[in-house]
file coords-v7.csv (CSV, C-alpha atoms)
chain,number,residue,atom,x,y,z
A,1,TYR,CA,98.0,143.9,53.1
A,2,SER,CA,99.6,140.7,52.0
A,3,VAL,CA,103.0,141.9,53.1
A,4,TYR,CA,101.6,142.9,56.5
A,5,TYR,CA,99.9,139.5,56.8
A,6,ARG,CA,103.1,137.6,56.0
A,7,ALA,CA,105.1,139.7,58.5
A,8,SER,CA,102.4,139.2,61.2
A,9,THR,CA,102.4,135.5,60.6
A,10,PHE,CA,106.2,135.3,60.8
A,11,CYS,CA,106.2,137.2,64.1
A,12,LYS,CA,103.6,134.8,65.5
A,13,LYS,CA,105.7,131.8,64.5
A,14,VAL,CA,108.8,133.3,66.1
A,15,ALA,CA,106.9,134.0,69.3
A,16,ALA,CA,105.5,130.5,69.3
A,17,THR,CA,108.9,129.0,68.8
A,18,TYR,CA,110.2,131.2,71.7
A,19,VAL,CA,107.5,129.9,74.0
A,20,TRP,CA,108.2,126.3,73.1
A,21,THR,CA,111.9,126.6,73.7
A,22,PHE,CA,111.8,128.7,76.8
A,23,ASN,CA,115.2,128.2,78.5
A,24,ARG,CA,115.0,127.2,82.2
A,25,ALA,CA,117.9,126.6,84.6
A,26,SER,CA,118.6,122.9,84.9
A,27,GLU,CA,122.0,123.0,86.5
A,28,TRP,CA,121.0,120.8,89.4
A,29,TRP,CA,120.2,117.8,87.1
A,30,ASP,CA,122.7,118.5,84.4
A,31,VAL,CA,125.8,119.3,86.6
A,32,ILE,CA,125.2,118.4,90.2
A,33,VAL,CA,123.4,115.1,90.0
A,34,PRO,CA,126.0,113.4,87.8
A,35,GLY,CA,128.5,113.8,90.6
A,36,PHE,CA,126.2,112.3,93.3
A,37,THR,CA,127.7,109.7,95.6
A,38,ASP,CA,125.8,106.5,96.4
A,39,THR,CA,124.5,108.0,99.6
A,40,GLN,CA,123.2,111.1,97.7
A,41,TRP,CA,121.4,108.9,95.2
A,42,LEU,CA,119.7,107.1,98.0
A,43,GLU,CA,118.8,110.2,99.9
A,44,ASN,CA,117.4,112.0,96.8
A,45,PHE,CA,115.8,109.2,94.7
A,46,ARG,CA,115.4,106.5,97.3
A,47,MET,CA,117.5,104.1,95.3
A,48,SER,CA,121.0,103.6,94.0
A,49,GLU,CA,122.0,104.8,90.5
A,50,GLU,CA,122.2,101.1,89.5
A,51,THR,CA,118.6,100.5,90.5
A,52,PHE,CA,117.6,103.8,88.9
A,53,ILE,CA,119.1,102.7,85.5
A,54,HIS,CA,117.4,99.3,85.9
A,55,LEU,CA,114.1,101.1,86.4
A,56,CYS,CA,114.6,103.4,83.4
A,57,ASN,CA,115.3,100.4,81.2
A,58,LYS,CA,112.3,98.6,82.5
A,59,LEU,CA,110.0,101.5,81.7
A,60,ARG,CA,111.7,102.5,78.4
A,61,PRO,CA,109.2,100.7,76.1
A,62,ALA,CA,106.3,102.8,77.5
A,63,MET,CA,108.1,106.1,78.2
A,64,GLU,CA,110.6,106.6,75.4
A,65,ARG,CA,109.9,109.8,73.4
A,66,ARG,CA,111.4,111.2,70.2
A,67,ASP,CA,112.4,114.8,69.5
A,68,THR,CA,110.0,116.8,67.3
A,69,ASN,CA,110.6,119.7,64.8
A,70,PHE,CA,109.4,122.1,67.5
A,71,ARG,CA,111.4,121.0,70.5
A,72,VAL,CA,113.8,118.5,72.0
A,73,CYS,CA,112.0,116.1,74.3
A,74,VAL,CA,113.0,115.7,78.0
A,75,PRO,CA,115.4,112.7,78.3
A,76,LEU,CA,114.0,109.5,79.7
A,77,LYS,CA,116.3,109.5,82.8
A,78,LYS,CA,115.3,113.0,83.6
A,79,ARG,CA,111.6,112.2,83.3
A,80,VAL,CA,111.9,109.2,85.6
A,81,ALA,CA,113.9,111.3,88.1
A,82,ILE,CA,111.2,114.0,88.1
A,83,ALA,CA,108.5,111.4,88.9
A,84,LEU,CA,110.6,109.7,91.6
A,85,TRP,CA,111.3,113.1,93.2
A,86,LYS,CA,107.6,113.9,93.3
A,87,LEU,CA,106.7,110.5,94.8
A,88,ALA,CA,109.6,110.6,97.3
A,89,THR,CA,109.0,114.2,98.6
A,90,GLY,CA,105.3,115.0,97.8
A,91,ALA,CA,106.6,118.4,96.7
A,92,GLU,CA,104.4,120.8,94.7
A,93,TYR,CA,104.7,120.6,91.0
A,94,ARG,CA,106.1,124.2,90.9
A,95,SER,CA,108.9,123.3,93.3
A,96,VAL,CA,109.8,120.2,91.3
A,97,GLY,CA,109.8,122.2,88.0
A,98,HIS,CA,112.1,124.8,89.4
A,99,LEU,CA,114.5,122.1,90.6
A,100,PHE,CA,114.7,120.3,87.3
A,101,GLY,CA,114.3,123.3,85.1
A,102,VAL,CA,111.0,122.3,83.5
A,103,SER,CA,107.5,123.6,83.4
A,104,ILE,CA,104.7,122.6,85.8
A,105,THR,CA,102.9,121.0,82.8
A,106,THR,CA,106.0,118.9,82.1
A,107,VAL,CA,106.2,117.7,85.8
A,108,CYS,CA,102.6,116.7,85.8
A,109,ARG,CA,103.0,114.9,82.5
A,110,CYS,CA,106.1,113.0,83.7
A,111,VAL,CA,104.3,111.8,86.9
A,112,GLN,CA,101.2,110.7,84.9
A,113,GLU,CA,103.3,108.9,82.3
A,114,PHE,CA,105.6,107.3,84.8
A,115,CYS,CA,102.8,105.9,86.9
A,116,ALA,CA,100.9,104.7,83.8
A,117,ALA,CA,104.1,102.9,82.6
A,118,ALA,CA,104.7,101.5,86.1
A,119,GLU,CA,101.2,100.1,86.2
A,120,THR,CA,101.7,98.4,82.9
A,121,LEU,CA,105.3,97.1,83.2
A,122,LEU,CA,106.4,97.3,86.9
A,123,VAL,CA,103.4,96.5,89.0
A,124,PRO,CA,102.7,93.1,87.4
A,125,GLU,CA,106.3,92.1,87.8
A,126,GLN,CA,106.8,93.3,91.4
A,127,ILE,CA,103.4,92.6,92.9
A,128,ARG,CA,103.0,89.1,91.6
A,129,TYR,CA,100.5,86.5,92.9
A,130,PRO,CA,102.6,83.6,94.4
A,131,ASP,CA,102.5,80.2,92.8
A,132,GLN,CA,102.5,76.9,94.8
A,133,GLU,CA,106.2,76.9,95.3
A,134,LYS,CA,106.3,80.5,96.4
A,135,PHE,CA,103.5,79.9,99.0
A,136,LYS,CA,105.6,77.0,100.5
A,137,GLU,CA,108.7,79.3,100.6
A,138,MET,CA,106.7,82.1,102.3
A,139,ALA,CA,105.2,79.8,104.8
A,140,ALA,CA,108.6,78.2,105.7
A,141,TYR,CA,110.1,81.7,106.2
A,142,ILE,CA,107.4,82.8,108.6
A,143,GLU,CA,107.5,79.6,110.5
A,144,ASN,CA,111.3,79.7,110.9
A,145,ARG,CA,111.2,83.4,112.0
A,146,TRP,CA,108.0,83.5,114.2
A,147,GLY,CA,107.0,79.9,114.8
A,148,LEU,CA,103.7,80.2,113.0
A,149,PRO,CA,103.0,77.2,110.9
A,150,HIS,CA,101.4,77.6,107.4
A,151,CYS,CA,101.1,81.4,107.6
A,152,ILE,CA,101.8,83.2,104.4
A,153,GLY,CA,101.6,86.8,105.3
A,154,ALA,CA,99.7,89.6,107.0
A,155,ILE,CA,97.1,92.2,105.9
A,156,VAL,CA,96.3,95.8,107.0
A,157,GLY,CA,94.5,98.8,105.6
A,158,SER,CA,95.8,102.4,105.6
A,159,HIS,CA,94.4,105.8,104.7
A,160,ILE,CA,96.1,107.8,101.9
A,161,PRO,CA,95.2,111.6,102.2
A,162,ILE,CA,93.6,113.3,99.2
A,163,ILE,CA,91.9,116.6,98.4
A,164,ALA,CA,88.2,116.3,98.7
A,165,PRO,CA,86.9,115.3,95.2
A,166,GLU,CA,84.1,117.4,93.7
A,167,GLU,CA,81.7,114.4,93.5
A,168,TYR,CA,80.7,112.2,96.5
A,169,HIS,CA,83.2,114.0,98.7
A,170,CYS,CA,81.4,112.9,101.8
A,171,ASP,CA,82.2,109.2,100.9
A,172,TYR,CA,85.9,110.0,101.2
A,173,PHE,CA,85.7,111.6,104.6
A,174,ASN,CA,87.2,109.1,107.1
A,175,HIS,CA,86.7,108.5,110.8
A,176,LYS,CA,89.9,110.5,111.5
A,177,GLY,CA,88.4,113.7,110.1
A,178,TRP,CA,90.0,114.0,106.7
A,179,HIS,CA,89.5,112.8,103.1
A,180,SER,CA,91.3,109.7,101.9
A,181,ILE,CA,91.3,106.6,99.8
A,182,ILE,CA,92.1,103.2,101.4
A,183,LEU,CA,95.1,101.1,100.6
A,184,GLN,CA,94.8,97.4,101.6
A,185,GLY,CA,98.0,95.4,101.4
A,186,VAL,CA,99.1,91.9,102.1
A,187,VAL,CA,102.8,91.3,102.6
A,188,ASP,CA,105.0,88.2,103.1
A,189,GLY,CA,107.4,87.6,106.0
A,190,LYS,CA,110.0,89.8,104.3
A,191,GLY,CA,107.7,92.8,104.1
A,192,LEU,CA,107.1,92.5,100.3
A,193,PHE,CA,103.6,93.2,98.9
A,194,TRP,CA,102.0,90.2,97.1
A,195,ASN,CA,98.5,91.6,97.0
A,196,VAL,CA,97.4,95.2,96.8
A,197,PHE,CA,93.9,96.8,96.5
A,198,THR,CA,93.3,100.5,96.6
A,199,GLY,CA,91.0,103.4,95.5
A,200,LEU,CA,87.9,102.9,97.7
A,201,PRO,CA,86.6,105.9,99.7
A,202,GLY,CA,88.0,106.5,103.1
A,203,SER,CA,84.7,106.3,104.9
A,204,LEU,CA,84.6,102.5,104.4
A,205,HIS,CA,85.6,100.1,107.2
A,206,ASP,CA,88.5,97.8,106.7
A,207,ALA,CA,86.2,94.8,106.8
A,208,ARG,CA,84.0,96.3,104.1
A,209,VAL,CA,87.0,97.0,101.9
A,210,LEU,CA,88.2,93.4,102.3
A,211,ARG,CA,84.8,92.1,101.2
A,212,LEU,CA,84.9,94.3,98.1
A,213,SER,CA,88.4,93.2,97.1
A,214,THR,CA,89.3,90.4,94.8
A,215,LEU,CA,91.2,88.8,97.7
A,216,TRP,CA,87.9,88.1,99.5
A,217,GLU,CA,86.1,87.0,96.4
A,218,LEU,CA,88.7,84.4,95.4
A,219,ALA,CA,89.7,83.3,98.9
A,220,SER,CA,86.1,82.7,99.8
A,221,ARG,CA,85.6,80.5,96.8
A,222,GLY,CA,88.8,78.6,97.7
A,223,ASN,CA,90.5,79.7,94.4
A,224,HIS,CA,92.9,82.3,95.8
A,225,ILE,CA,95.0,80.3,98.2
A,226,PRO,CA,96.0,76.8,97.1
A,227,ALA,CA,94.6,73.8,99.0
A,228,ASN,CA,97.6,72.7,101.0
A,229,THR,CA,96.5,71.5,104.4
A,230,ARG,CA,98.4,70.6,107.5
A,231,ASN,CA,97.4,69.4,111.0
A,232,ILE,CA,97.8,72.3,113.4
A,233,GLY,CA,96.8,71.6,117.0
A,234,GLY,CA,94.5,68.7,115.9
A,235,VAL,CA,92.7,70.8,113.2
A,236,THR,CA,93.2,70.4,109.5
A,237,ALA,CA,94.2,73.9,108.3
A,238,GLY,CA,95.2,75.5,105.0
A,239,TYR,CA,97.4,78.5,104.4
A,240,TYR,CA,96.2,81.7,106.2
A,241,ILE,CA,97.1,85.3,106.6
A,242,LEU,CA,97.0,87.5,109.8
A,243,GLY,CA,94.8,90.5,110.4
A,244,ASP,CA,93.9,92.8,113.2
A,245,SER,CA,90.5,92.8,115.1
A,246,ALA,CA,88.9,94.9,112.3
A,247,TYR,CA,88.8,91.9,110.0
A,248,PRO,CA,86.3,89.1,110.1
A,249,LEU,CA,87.6,85.7,111.3
A,250,GLN,CA,88.0,83.2,108.4
A,251,ASN,CA,89.7,79.9,107.9
A,252,TRP,CA,92.2,81.8,105.7
A,253,LEU,CA,92.3,85.0,107.9
A,254,LEU,CA,93.1,84.7,111.6
A,255,LYS,CA,93.1,87.5,114.1
A,256,PRO,CA,93.7,88.0,117.8
A,257,PHE,CA,91.1,87.3,120.5
A,258,ILE,CA,89.3,90.5,121.6
A,259,ASP,CA,90.8,91.5,124.9
A,260,THR,CA,87.8,91.8,127.2
A,261,GLY,CA,90.0,91.6,130.3
A,262,HIS,CA,89.1,87.9,130.8
A,263,LEU,CA,91.4,86.2,128.3
A,264,THR,CA,92.8,82.9,129.4
A,265,ALA,CA,96.6,82.4,129.6
A,266,GLU,CA,96.5,80.4,126.3
A,267,GLN,CA,94.6,83.2,124.5
A,268,GLN,CA,97.1,85.7,125.8
A,269,VAL,CA,100.1,83.7,124.5
A,270,TYR,CA,98.3,83.3,121.1
A,271,ASN,CA,97.6,87.0,120.9
A,272,MET,CA,101.2,87.9,121.8
A,273,LYS,CA,102.7,85.6,119.1
A,274,ILE,CA,100.2,86.7,116.5
A,275,CYS,CA,100.8,90.4,117.1
A,276,ARG,CA,104.6,89.8,117.1
A,277,ALA,CA,104.4,88.4,113.6
A,278,ARG,CA,102.0,91.0,112.4
A,279,VAL,CA,104.6,93.7,113.0
A,280,VAL,CA,106.0,92.8,109.6
A,281,VAL,CA,103.1,94.4,107.8
A,282,GLU,CA,103.2,97.5,110.0
A,283,ASN,CA,106.9,97.9,109.3
A,284,ALA,CA,106.3,97.4,105.6
A,285,PHE,CA,103.7,100.2,105.5
A,286,GLY,CA,106.0,102.4,107.6
A,287,ARG,CA,108.9,101.9,105.1
A,288,LEU,CA,106.5,102.4,102.1
A,289,LYS,CA,105.4,105.7,103.4
A,290,GLY,CA,108.8,106.7,104.7
A,291,ARG,CA,110.4,106.3,101.3
A,292,TRP,CA,107.5,107.7,99.3
A,293,ARG,CA,106.3,110.7,101.2
A,294,CYS,CA,103.6,111.5,98.7
A,295,LEU,CA,101.5,108.9,100.5
A,296,MET,CA,101.7,110.9,103.7
A,297,LYS,CA,100.8,114.4,102.4
A,298,ARG,CA,97.4,115.5,101.2
A,299,ASN,CA,97.6,114.7,97.5
A,300,ASP,CA,96.2,117.4,95.2
A,301,CYS,CA,95.9,115.1,92.2
A,302,ALA,CA,92.7,113.5,90.9
A,303,VAL,CA,91.6,110.3,92.7
A,304,ASN,CA,92.4,108.1,89.7
A,305,LEU,CA,95.9,109.5,89.5
A,306,VAL,CA,96.3,109.1,93.3
A,307,LYS,CA,95.3,105.4,93.0
A,308,SER,CA,97.9,105.0,90.2
A,309,MET,CA,100.5,106.7,92.4
A,310,VAL,CA,99.7,104.4,95.3
A,311,LEU,CA,100.1,101.2,93.2
A,312,THR,CA,103.3,102.6,91.7
A,313,CYS,CA,104.8,103.3,95.2
A,314,CYS,CA,103.9,99.7,96.3
A,315,ALA,CA,105.8,98.3,93.3
A,316,LEU,CA,108.7,100.7,93.9
A,317,HIS,CA,108.8,99.5,97.6
A,318,ASN,CA,109.2,95.9,96.4
A,319,LEU,CA,111.8,96.9,93.9
A,320,CYS,CA,113.9,98.8,96.5
A,321,GLU,CA,113.5,96.0,99.1
A,322,SER,CA,114.4,93.2,96.7
A,323,HIS,CA,117.4,95.1,95.3
A,324,GLY,CA,118.7,95.5,98.9
A,325,GLU,CA,118.4,99.3,98.9
A,326,ALA,CA,119.1,100.7,102.4
A,327,TYR,CA,116.3,102.4,104.4
A,328,VAL,CA,117.3,105.6,106.1
A,329,ASN,CA,115.9,105.8,109.6
A,330,ALA,CA,115.6,109.6,109.2
A,331,TRP,CA,112.7,108.9,106.8
A,332,ASP,CA,110.6,107.5,109.6
A,333,LEU,CA,107.7,109.6,110.7
A,334,PRO,CA,106.5,110.0,114.3
A,335,PRO,CA,104.3,107.0,115.1
A,336,ALA,CA,100.6,107.9,114.9
A,337,ALA,CA,98.0,106.3,117.0
A,338,GLU,CA,96.2,103.9,114.7
A,339,THR,CA,92.7,103.4,115.9
A,340,VAL,CA,90.7,100.3,115.0
A,341,VAL,CA,87.1,101.1,114.5
A,342,ALA,CA,84.8,98.4,115.9
A,343,VAL,CA,81.7,97.6,113.9
A,344,PRO,CA,79.0,95.2,115.0
A,345,GLN,CA,79.6,91.8,113.5
A,346,ALA,CA,77.7,88.5,113.5
A,347,VAL,CA,78.9,85.7,115.6
A,348,GLU,CA,82.0,84.4,113.8
A,349,GLU,CA,81.8,80.7,113.2
A,350,GLU,CA,84.2,80.2,110.3
A,351,GLY,CA,87.8,80.2,111.4
A,352,ARG,CA,87.1,79.5,115.1
A,353,ASP,CA,88.4,75.9,114.9
A,354,VAL,CA,91.5,76.9,113.0
A,355,ARG,CA,92.3,79.6,115.5
A,356,ALA,CA,91.7,77.2,118.4
A,357,GLY,CA,94.0,74.7,116.8
A,358,LEU,CA,96.7,77.3,116.3
A,359,MET,CA,96.3,78.5,119.9
A,360,ARG,CA,96.9,74.9,121.1
A,361,TYR,CA,99.9,74.6,118.8
A,362,LEU,CA,101.5,77.8,120.1
A,363,ASN,CA,100.9,76.8,123.7
A,364,SER,CA,102.3,73.2,123.3

call {"tool": "encode", "arguments": {"input": "coords-v7.csv", "output": "structure tokens"}}
result
Amino acid sequence: YSVYYRASTFCKKVAATYVWTFNRASEWWDVIVPGFTDTQWLENFRMSEETFIHLCNKLRPAMERRDTNFRVCVPLKKRVAIALWKLATGAEYRSVGHLFGVSITTVCRCVQEFCAAAETLLVPEQIRYPDQEKFKEMAAYIENRWGLPHCIGAIVGSHIPIIAPEEYHCDYFNHKGWHSIILQGVVDGKGLFWNVFTGLPGSLHDARVLRLSTLWELASRGNHIPANTRNIGGVTAGYYILGDSAYPLQNWLLKPFIDTGHLTAEQQVYNMKICRARVVVENAFGRLKGRWRCLMKRNDCAVNLVKSMVLTCCALHNLCESHGEAYVNAWDLPPAAETVVAVPQAVEEEGRDVRAGLMRYLNS
């Protein structure tokens, strides 16, 4: 019996070792990718090899793994590449695993660990709240480009598709007819995110999302945007951001006049110049989703992981833009009609004087 038992145990160990070391074809990563040109790196991983190596080194403290007695771990660069491919294409885990010669479980683990590392090390570096000097620089850039004084950026909300979660799935069903979480982002004049808030259910209106975000809490208390005032059209105004008609008018958040068909010539000029400057945030979101297609496809991951992926993609957007990575026009998606849902709001008092002063300034 003891001989049989030892033989049986030995066979089980051999079988276990075989499963652990199952050999999968990884020729694409091992042989083809090393010969990639700069263009091929950009097309496949949305960044140059130089930026890719920089990213690997940045995330190394959180993602570095050691070999074990049972198996050789997947190298850091390959794990980062797997995650980037998943984020860039939104492909299924099985397809990514076949391409890189790894299991579905490995792909899933790479994406989770990459996003967790990015939230810890990359997001705080790339999506950094501006200091006083940075605010001045941002305002000067926007004024030089669009003629808007003291403006520090623009805000918009966007829906990120998800699979309906098991709990509270009705909360995530948006007005477009599908399940989503909301990404609220504020960008500067160069299209770089400096404030991001995501994860709330898609059924919420943009104005409600804003009021639940830290941006609203701090800005309403006067702590978020530094007190740096300037006379604009006879009104003392501080820094402000631009929003669409879905947002509430505030001293620090200006929006167009609602077009009732009876706008004055001055209001029309104001709306035209405001909307012209707001294009920067629409373009930023377009480039964000064009590079990282996982934000366009219905994501089959858990809501918490989707939120982590969204934050990671925003940080990667800033990384690519600040490193001068080219954006390929072929990544653009057909423009979708973005509807602004009107909700009843109280008469807006705050911000009216500042908006009137800016209107006078832009018409002078």

call {"tool": "residues_around", "arguments": {"input": "coords-v7.csv", "residues": "Val303 in chain A", "least_positions_apart": "3", "cutoff": "10 Å", "atoms": "all atoms listed in the file", "output": "JSON, numbers by chain"}}
result
{"A": [162, 163, 164, 165, 180, 181, 199, 200, 201, 299, 300, 306, 307, 308, 309]}

call {"tool": "atom_distance", "arguments": {"input": "coords-v7.csv", "atom1": "CA of Thr89 in chain A", "atom2": "CA of Ile32 in chain A"}}
result
18.7 Å

call {"tool": "closest_residue", "arguments": {"input": "coords-v7.csv", "among": "A:Asp188, A:Glu113, A:Glu266, A:Asp206", "to": "Pro61 in chain A", "atoms": "only C-alpha atoms"}}
result
A:Glu113

call {"tool": "residues_around", "arguments": {"input": "coords-v7.csv", "residues": "His179 in chain A", "least_positions_apart": "5", "cutoff": "10 Å", "atoms": "all atoms listed in the file", "output": "ChimeraX atom specification"}}
result
/A:159-165,169-174,201-203,298

call {"tool": "residues_around", "arguments": {"input": "coords-v7.csv", "residues": "Gln126 in chain A", "least_positions_apart": "4", "cutoff": "12 Å", "atoms": "only C-alpha atoms", "output": "list in words"}}
result
Leu55, Lys58, Ala118, Glu119, Thr120, Leu121, Leu122, Pro130, Leu192, Phe193, Trp194, Asn195, Val196, Leu311, Thr312, Cys313, Cys314, Ala315, Leu316, His317, Asn318, Leu319, Cys320, Glu321, Ser322 and His323 of chain A

call {"tool": "residues_near_point", "arguments": {"input": "coords-v7.csv", "point": "(88.7, 82.5, 103.6)", "cutoff": "10 Å", "atoms": "all atoms listed in the file", "output": "list in words"}}
result
Leu215, Trp216, Glu217, Leu218, Ala219, Ser220, Arg221, Gly222, Asn223, His224, Ile225, Gly238, Tyr239, Tyr240, Ile241, Pro248, Leu249, Gln250, Asn251, Trp252, Leu253, Leu254, Glu350 and Gly351 of chain A

call {"tool": "write_last_selection", "arguments": {"input": "coords-v7.csv", "atoms": "C-alpha atoms", "output": "short mmCIF file (atom, residue, chain, number, x, y, z; two decimals), keeping the file's coordinate frame"}}
result
data_model
loop_
_atom_site.label_atom_id
_atom_site.label_comp_id
_atom_site.auth_asym_id
_atom_site.auth_seq_id
_atom_site.Cartn_x
_atom_site.Cartn_y
_atom_site.Cartn_z
CA LEU A 215 91.20 88.80 97.70
CA TRP A 216 87.90 88.10 99.50
CA GLU A 217 86.10 87.00 96.40
CA LEU A 218 88.70 84.40 95.40
CA ALA A 219 89.70 83.30 98.90
CA SER A 220 86.10 82.70 99.80
CA ARG A 221 85.60 80.50 96.80
CA GLY A 222 88.80 78.60 97.70
CA ASN A 223 90.50 79.70 94.40
CA HIS A 224 92.90 82.30 95.80
CA ILE A 225 95.00 80.30 98.20
CA GLY A 238 95.20 75.50 105.00
CA TYR A 239 97.40 78.50 104.40
CA TYR A 240 96.20 81.70 106.20
CA ILE A 241 97.10 85.30 106.60
CA PRO A 248 86.30 89.10 110.10
CA LEU A 249 87.60 85.70 111.30
CA GLN A 250 88.00 83.20 108.40
CA ASN A 251 89.70 79.90 107.90
CA TRP A 252 92.20 81.80 105.70
CA LEU A 253 92.30 85.00 107.90
CA LEU A 254 93.10 84.70 111.60
CA GLU A 350 84.20 80.20 110.30
CA GLY A 351 87.80 80.20 111.40
#

call {"tool": "closest_residue", "arguments": {"input": "coords-v7.csv", "among": "A:Leu183, A:Val111, A:Val80, A:Leu99", "to": "His205 in chain A", "atoms": "only C-alpha atoms"}}
result
A:Leu183

call {"tool": "atom_distance", "arguments": {"input": "coords-v7.csv", "atom1": "CA of Gly290 in chain A", "atom2": "CA of Thr106 in chain A"}}
result
25.8 Å

call {"tool": "closest_residue", "arguments": {"input": "coords-v7.csv", "among": "A:Val123, A:Glu43, A:Arg230, A:Leu59", "to": "Ala330 in chain A", "atoms": "all atoms listed in the file"}}
result
A:Glu43

call {"tool": "atom_distance", "arguments": {"input": "coords-v7.csv", "atom1": "CA of Gly243 in chain A", "atom2": "CA of Asp332 in chain A"}}
result
23.2 Å
